[in-house]
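See below for the structure under consideration.
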Amino acid sequence: MINDVALALHGLVKRFDTTLAVSGVDLNVPVGSFFGLLGPNGAGKTTTLSMAVGLLRPDAGQAQVLGHDVWADPVEAKRLLGVLPDGVRLFDRLTGAELLAYHGLLRGMEPGVVDQRATELLDVLALGADNRTLVVDYSAGMKKKIGLACALLHGPRVLVLDEPFEAVDPVSAALIRDILQRYVSGGGTVVFSSHVMEVVERLCDHVAILAAGTIKRVGTIDEVRGARSLEDVFVEVVGGRTSTGSELAWL
Ligand SMILES: Nc1ncnc2c1ncn2[C@@H]1O[C@H](COP(=O)(O)OP(=O)(O)OP(=O)(O)O)[C@@H](O)[C@H]1O
């Protein structure tokens with residue numbers, strides 16, 4: 001049933017010159033799931049998520065959000081989606097409150113609603129509703145948090161977050177975890193990428209392991225890890241360490 005699937009990816013392919021970054025990714029993210037996309041550096045996580053949300057056009061394949069194709073029906077798909085992209089520049093010569101106002105108005109929201117939600121988000125994320133600092137002068141972790149606030153502002157049904165916990169301090173990470181858990185208990189769906197097993201193991205009910213541009217394992221956390229730790233499965237799937245211990249002897 002299509003409506004049981006929040007994010008459906010079919011045969012996504014992306015090549016950059018000679019690099020095949022993503023080579024045929026199929027993924028169904030169930031509605032209401034907390035879904036972790038794990039993979040080593042360069043596995044193709046950002047490329048996959050960028051294609052999934054309509055930021056990067058795939059060479060082949062489709063992406064649908066609650067049954068709406070992100071390329072054929074972008075307005076409806078993007079109305080349902082909240083996205084925290086990785087490495088995409090924010091309009092950072094604005095304060096946090098101004099950036100949120102800009103996002104809300106671009107989405108056609110009522111100014112009063114934007115104001116009220118922006119104040120609440122800035123407070124909850126400890127960014128300070130009255131803070132006059134420009135986003136360009138934010139720390140890396142604060143930039144993640146304002147990016148997350150922008151993704152949440154319009155009350156999306158599906159959240160796609162690229163490395164949401166990267167550069168975020170432990171207190172803020174706990175805060176973000178709480179917000180996301182509350183969002184999922186309310187019926188939302190979260191898909192996020194990470195390298196960090198503990199975060200995925202703690203939060204997610206579903207996981208996929210991506211390596212060399214393809215999905216190597218996918219399922220519920222219990223299905224994927226079986227009787228082992230997620231880290232053991234990850235290391236086995238990704239290829240593990242090849243160091244003999246004799247390298248860097250000069251160090
Ligand atoms: N714009 C680009 N031009 C050329 N190659 C690219 C581009 N974007 C990604 N790649 C290549 O595609 C592959 C997948 O990159 P991607 O950023 O999707 O991986 P990732 O899993 O998100 O990695 P990380 O965990 O390090 O962020 C890598 O080999 C990368 O060098």
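Residue numbering restarts at 1 for every chain of the structure tokens, chains are lettered A, B, ... in their displayed order, and ligands are numbered from 1 as they appear.
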
Could I get the residue neighbourhood of ligand 1 at 9 Å, counting only C-alpha atoms and all ligand atoms, as a PyMOL selection string? chain A and resi 14-22+38-50+86+162-163+193-195+210-213

Could you write out the selected residues, including C-alpha atoms, as an mmCIF file, in the first residue's frame?
data_model
loop_
_atom_site.group_PDB
_atom_site.id
_atom_site.type_symbol
_atom_site.label_atom_id
_atom_site.label_comp_id
_atom_site.auth_asym_id
_atom_site.auth_seq_id
_atom_site.Cartn_x
_atom_site.Cartn_y
_atom_site.Cartn_z
ATOM 1 C CA LYS A 14 23.815 9.102 -9.865
ATOM 2 C CA ARG A 15 27.164 9.365 -11.567
ATOM 3 C CA PHE A 16 29.643 12.232 -11.158
ATOM 4 C CA ASP A 17 32.109 12.030 -14.068
ATOM 5 C CA THR A 18 33.864 8.712 -13.481
ATOM 6 C CA THR A 19 32.426 8.131 -9.989
ATOM 7 C CA LEU A 20 29.273 6.053 -9.698
ATOM 8 C CA ALA A 21 28.095 7.607 -6.418
ATOM 9 C CA VAL A 22 24.754 5.793 -6.202
ATOM 10 C CA LEU A 38 24.187 4.289 7.899
ATOM 11 C CA GLY A 39 27.238 4.214 5.692
ATOM 12 C CA PRO A 40 30.954 4.982 5.690
ATOM 13 C CA ASN A 41 32.425 8.192 4.220
ATOM 14 C CA GLY A 42 31.702 8.405 0.528
ATOM 15 C CA ALA A 43 29.065 5.647 0.605
ATOM 16 C CA GLY A 44 26.535 7.836 -1.193
ATOM 17 C CA LYS A 45 24.294 8.886 1.719
ATOM 18 C CA THR A 46 24.191 12.601 0.894
ATOM 19 C CA THR A 47 23.785 11.891 -2.815
ATOM 20 C CA THR A 48 20.895 9.477 -2.117
ATOM 21 C CA LEU A 49 19.116 11.828 0.294
ATOM 22 C CA SER A 50 19.613 14.799 -2.053
ATOM 23 C CA ASP A 86 24.227 18.767 4.322
ATOM 24 C CA ASP A 162 21.474 14.642 6.608
ATOM 25 C CA GLU A 163 23.792 14.110 9.608
ATOM 26 C CA SER A 193 21.926 9.689 7.854
ATOM 27 C CA SER A 194 24.682 9.080 10.345
ATOM 28 C CA HIS A 195 27.995 7.364 10.956
ATOM 29 C CA LEU A 210 24.657 1.866 2.361
ATOM 30 C CA ALA A 211 28.142 1.132 1.039
ATOM 31 C CA ALA A 212 29.699 1.886 -2.345
ATOM 32 C CA GLY A 213 26.433 3.340 -3.608
#

Please provide the set of residues having any atom within 7 Å of range 174-187 of chain A, restricted to only C-alpha atoms, with same-chain residues fewer than 4 positions apart removed, written as JSON, numbers by chain.
-> {"A": [32, 33, 34, 170]}

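If you look at CA of Val233 in chain A and CA of Val218 in chain A, they are 11.5 Å away from each other.
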
| request: Please give the complete set of residues from range 5-231 of chain A that DSSP, run on the backbone, assigns to alpha helix (DSSP H), formatted as a PyMOL selection string. | output: chain A and resi 45-52+74-80+96-106+111-124+140-152+170-185+197-203+221-225+230-231

Restricting it to C-alpha atoms, dump the selection as a PDB file, in the first residue's frame.
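Result file selection_25.pdb:
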ATOM      1  CA  LYS A  45      24.294   8.886   1.719  1.00  0.00           C
ATOM      2  CA  THR A  46      24.191  12.601   0.894  1.00  0.00           C
ATOM      3  CA  THR A  47      23.785  11.891  -2.815  1.00  0.00           C
ATOM      4  CA  THR A  48      20.895   9.477  -2.117  1.00  0.00           C
ATOM      5  CA  LEU A  49      19.116  11.828   0.294  1.00  0.00           C
ATOM      6  CA  SER A  50      19.613  14.799  -2.053  1.00  0.00           C
ATOM      7  CA  MET A  51      17.928  12.853  -4.859  1.00  0.00           C
ATOM      8  CA  ALA A  52      15.204  11.668  -2.475  1.00  0.00           C
ATOM      9  CA  PRO A  74       7.341  18.758  -6.561  1.00  0.00           C
ATOM     10  CA  VAL A  75       4.956  21.244  -4.925  1.00  0.00           C
ATOM     11  CA  GLU A  76       2.919  18.609  -3.107  1.00  0.00           C
ATOM     12  CA  ALA A  77       5.961  16.430  -2.323  1.00  0.00           C
ATOM     13  CA  LYS A  78       7.861  19.400  -0.872  1.00  0.00           C
ATOM     14  CA  ARG A  79       4.838  20.558   1.134  1.00  0.00           C
ATOM     15  CA  LEU A  80       4.953  17.214   2.941  1.00  0.00           C
ATOM     16  CA  GLY A  96      17.830  32.998  13.222  1.00  0.00           C
ATOM     17  CA  ALA A  97      14.415  34.640  13.614  1.00  0.00           C
ATOM     18  CA  GLU A  98      14.727  36.374  10.229  1.00  0.00           C
ATOM     19  CA  LEU A  99      15.808  33.153   8.516  1.00  0.00           C
ATOM     20  CA  LEU A 100      12.801  31.308   9.939  1.00  0.00           C
ATOM     21  CA  ALA A 101      10.473  34.157   8.915  1.00  0.00           C
ATOM     22  CA  TYR A 102      11.917  34.008   5.407  1.00  0.00           C
ATOM     23  CA  HIS A 103      11.391  30.226   5.209  1.00  0.00           C
ATOM     24  CA  GLY A 104       7.846  30.436   6.552  1.00  0.00           C
ATOM     25  CA  LEU A 105       6.794  33.187   4.172  1.00  0.00           C
ATOM     26  CA  LEU A 106       8.368  31.344   1.215  1.00  0.00           C
ATOM     27  CA  PRO A 111       3.007  35.646   9.309  1.00  0.00           C
ATOM     28  CA  GLY A 112       1.432  35.295  12.783  1.00  0.00           C
ATOM     29  CA  VAL A 113       1.863  31.510  12.732  1.00  0.00           C
ATOM     30  CA  VAL A 114       5.447  31.855  11.474  1.00  0.00           C
ATOM     31  CA  ASP A 115       6.254  34.280  14.283  1.00  0.00           C
ATOM     32  CA  GLN A 116       4.789  32.120  17.003  1.00  0.00           C
ATOM     33  CA  ARG A 117       6.391  28.884  15.751  1.00  0.00           C
ATOM     34  CA  ALA A 118       9.755  30.582  15.128  1.00  0.00           C
ATOM     35  CA  THR A 119       9.864  31.932  18.687  1.00  0.00           C
ATOM     36  CA  GLU A 120       8.968  28.512  20.071  1.00  0.00           C
ATOM     37  CA  LEU A 121      11.554  26.694  17.930  1.00  0.00           C
ATOM     38  CA  LEU A 122      14.331  29.166  18.786  1.00  0.00           C
ATOM     39  CA  ASP A 123      13.522  28.805  22.480  1.00  0.00           C
ATOM     40  CA  VAL A 124      13.268  25.007  22.465  1.00  0.00           C
ATOM     41  CA  ALA A 140      28.589  24.635  13.336  1.00  0.00           C
ATOM     42  CA  GLY A 141      26.232  23.085  15.893  1.00  0.00           C
ATOM     43  CA  MET A 142      24.024  26.193  15.988  1.00  0.00           C
ATOM     44  CA  LYS A 143      23.837  26.104  12.179  1.00  0.00           C
ATOM     45  CA  LYS A 144      22.605  22.490  12.391  1.00  0.00           C
ATOM     46  CA  LYS A 145      19.968  23.545  14.901  1.00  0.00           C
ATOM     47  CA  ILE A 146      18.695  26.494  12.857  1.00  0.00           C
ATOM     48  CA  GLY A 147      18.635  24.201   9.805  1.00  0.00           C
ATOM     49  CA  LEU A 148      16.507  21.749  11.770  1.00  0.00           C
ATOM     50  CA  ALA A 149      14.196  24.575  12.868  1.00  0.00           C
ATOM     51  CA  CYS A 150      13.745  25.573   9.201  1.00  0.00           C
ATOM     52  CA  ALA A 151      12.924  21.934   8.367  1.00  0.00           C
ATOM     53  CA  LEU A 152      10.298  21.725  11.144  1.00  0.00           C
ATOM     54  CA  PRO A 170      25.614  16.365  23.862  1.00  0.00           C
ATOM     55  CA  VAL A 171      22.994  18.597  25.488  1.00  0.00           C
ATOM     56  CA  SER A 172      21.721  19.835  22.129  1.00  0.00           C
ATOM     57  CA  ALA A 173      21.860  16.283  20.746  1.00  0.00           C
ATOM     58  CA  ALA A 174      19.619  15.105  23.581  1.00  0.00           C
ATOM     59  CA  LEU A 175      17.264  17.984  22.836  1.00  0.00           C
ATOM     60  CA  ILE A 176      17.122  17.105  19.139  1.00  0.00           C
ATOM     61  CA  ARG A 177      16.535  13.436  20.003  1.00  0.00           C
ATOM     62  CA  ASP A 178      13.587  14.446  22.215  1.00  0.00           C
ATOM     63  CA  ILE A 179      12.077  16.646  19.514  1.00  0.00           C
ATOM     64  CA  LEU A 180      12.425  13.928  16.884  1.00  0.00           C
ATOM     65  CA  GLN A 181      11.040  11.215  19.168  1.00  0.00           C
ATOM     66  CA  ARG A 182       8.043  13.398  19.947  1.00  0.00           C
ATOM     67  CA  TYR A 183       7.565  14.052  16.235  1.00  0.00           C
ATOM     68  CA  VAL A 184       7.574  10.297  15.467  1.00  0.00           C
ATOM     69  CA  SER A 185       5.168   9.501  18.346  1.00  0.00           C
ATOM     70  CA  MET A 197      25.976   3.451  15.521  1.00  0.00           C
ATOM     71  CA  GLU A 198      24.915   4.372  19.071  1.00  0.00           C
ATOM     72  CA  VAL A 199      22.637   7.150  17.832  1.00  0.00           C
ATOM     73  CA  VAL A 200      21.015   4.908  15.263  1.00  0.00           C
ATOM     74  CA  GLU A 201      20.688   1.997  17.686  1.00  0.00           C
ATOM     75  CA  ARG A 202      19.159   4.224  20.322  1.00  0.00           C
ATOM     76  CA  LEU A 203      16.659   6.061  18.143  1.00  0.00           C
ATOM     77  CA  ILE A 221      17.016  -2.823  13.665  1.00  0.00           C
ATOM     78  CA  ASP A 222      16.470  -6.341  15.030  1.00  0.00           C
ATOM     79  CA  GLU A 223      16.388  -7.867  11.547  1.00  0.00           C
ATOM     80  CA  VAL A 224      19.600  -6.116  10.521  1.00  0.00           C
ATOM     81  CA  ARG A 225      21.685  -6.764  13.634  1.00  0.00           C
ATOM     82  CA  LEU A 230      24.981  -3.091  14.816  1.00  0.00           C
ATOM     83  CA  GLU A 231      28.644  -2.100  14.743  1.00  0.00           C
TER      84      GLU A 231
END

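Among the candidate residues A:Val191, A:Val238, A:Val83, A:Val168, the one lying nearest to Ala8 in chain A is A:Val191, with distances computed using only C-alpha atoms.
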
Worksheet entry | Filtered DSSP result for range 55-244 of chain A, state strand (DSSP E or B), as a PyMOL selection string | chain A and resi 60-65+68-69+81-84+95+134+158-162+189-194+206-211+214-220

As a check of understanding: the span from CA of Gly67 in chain A to CA of Thr189 in chain A is 14.1 Å
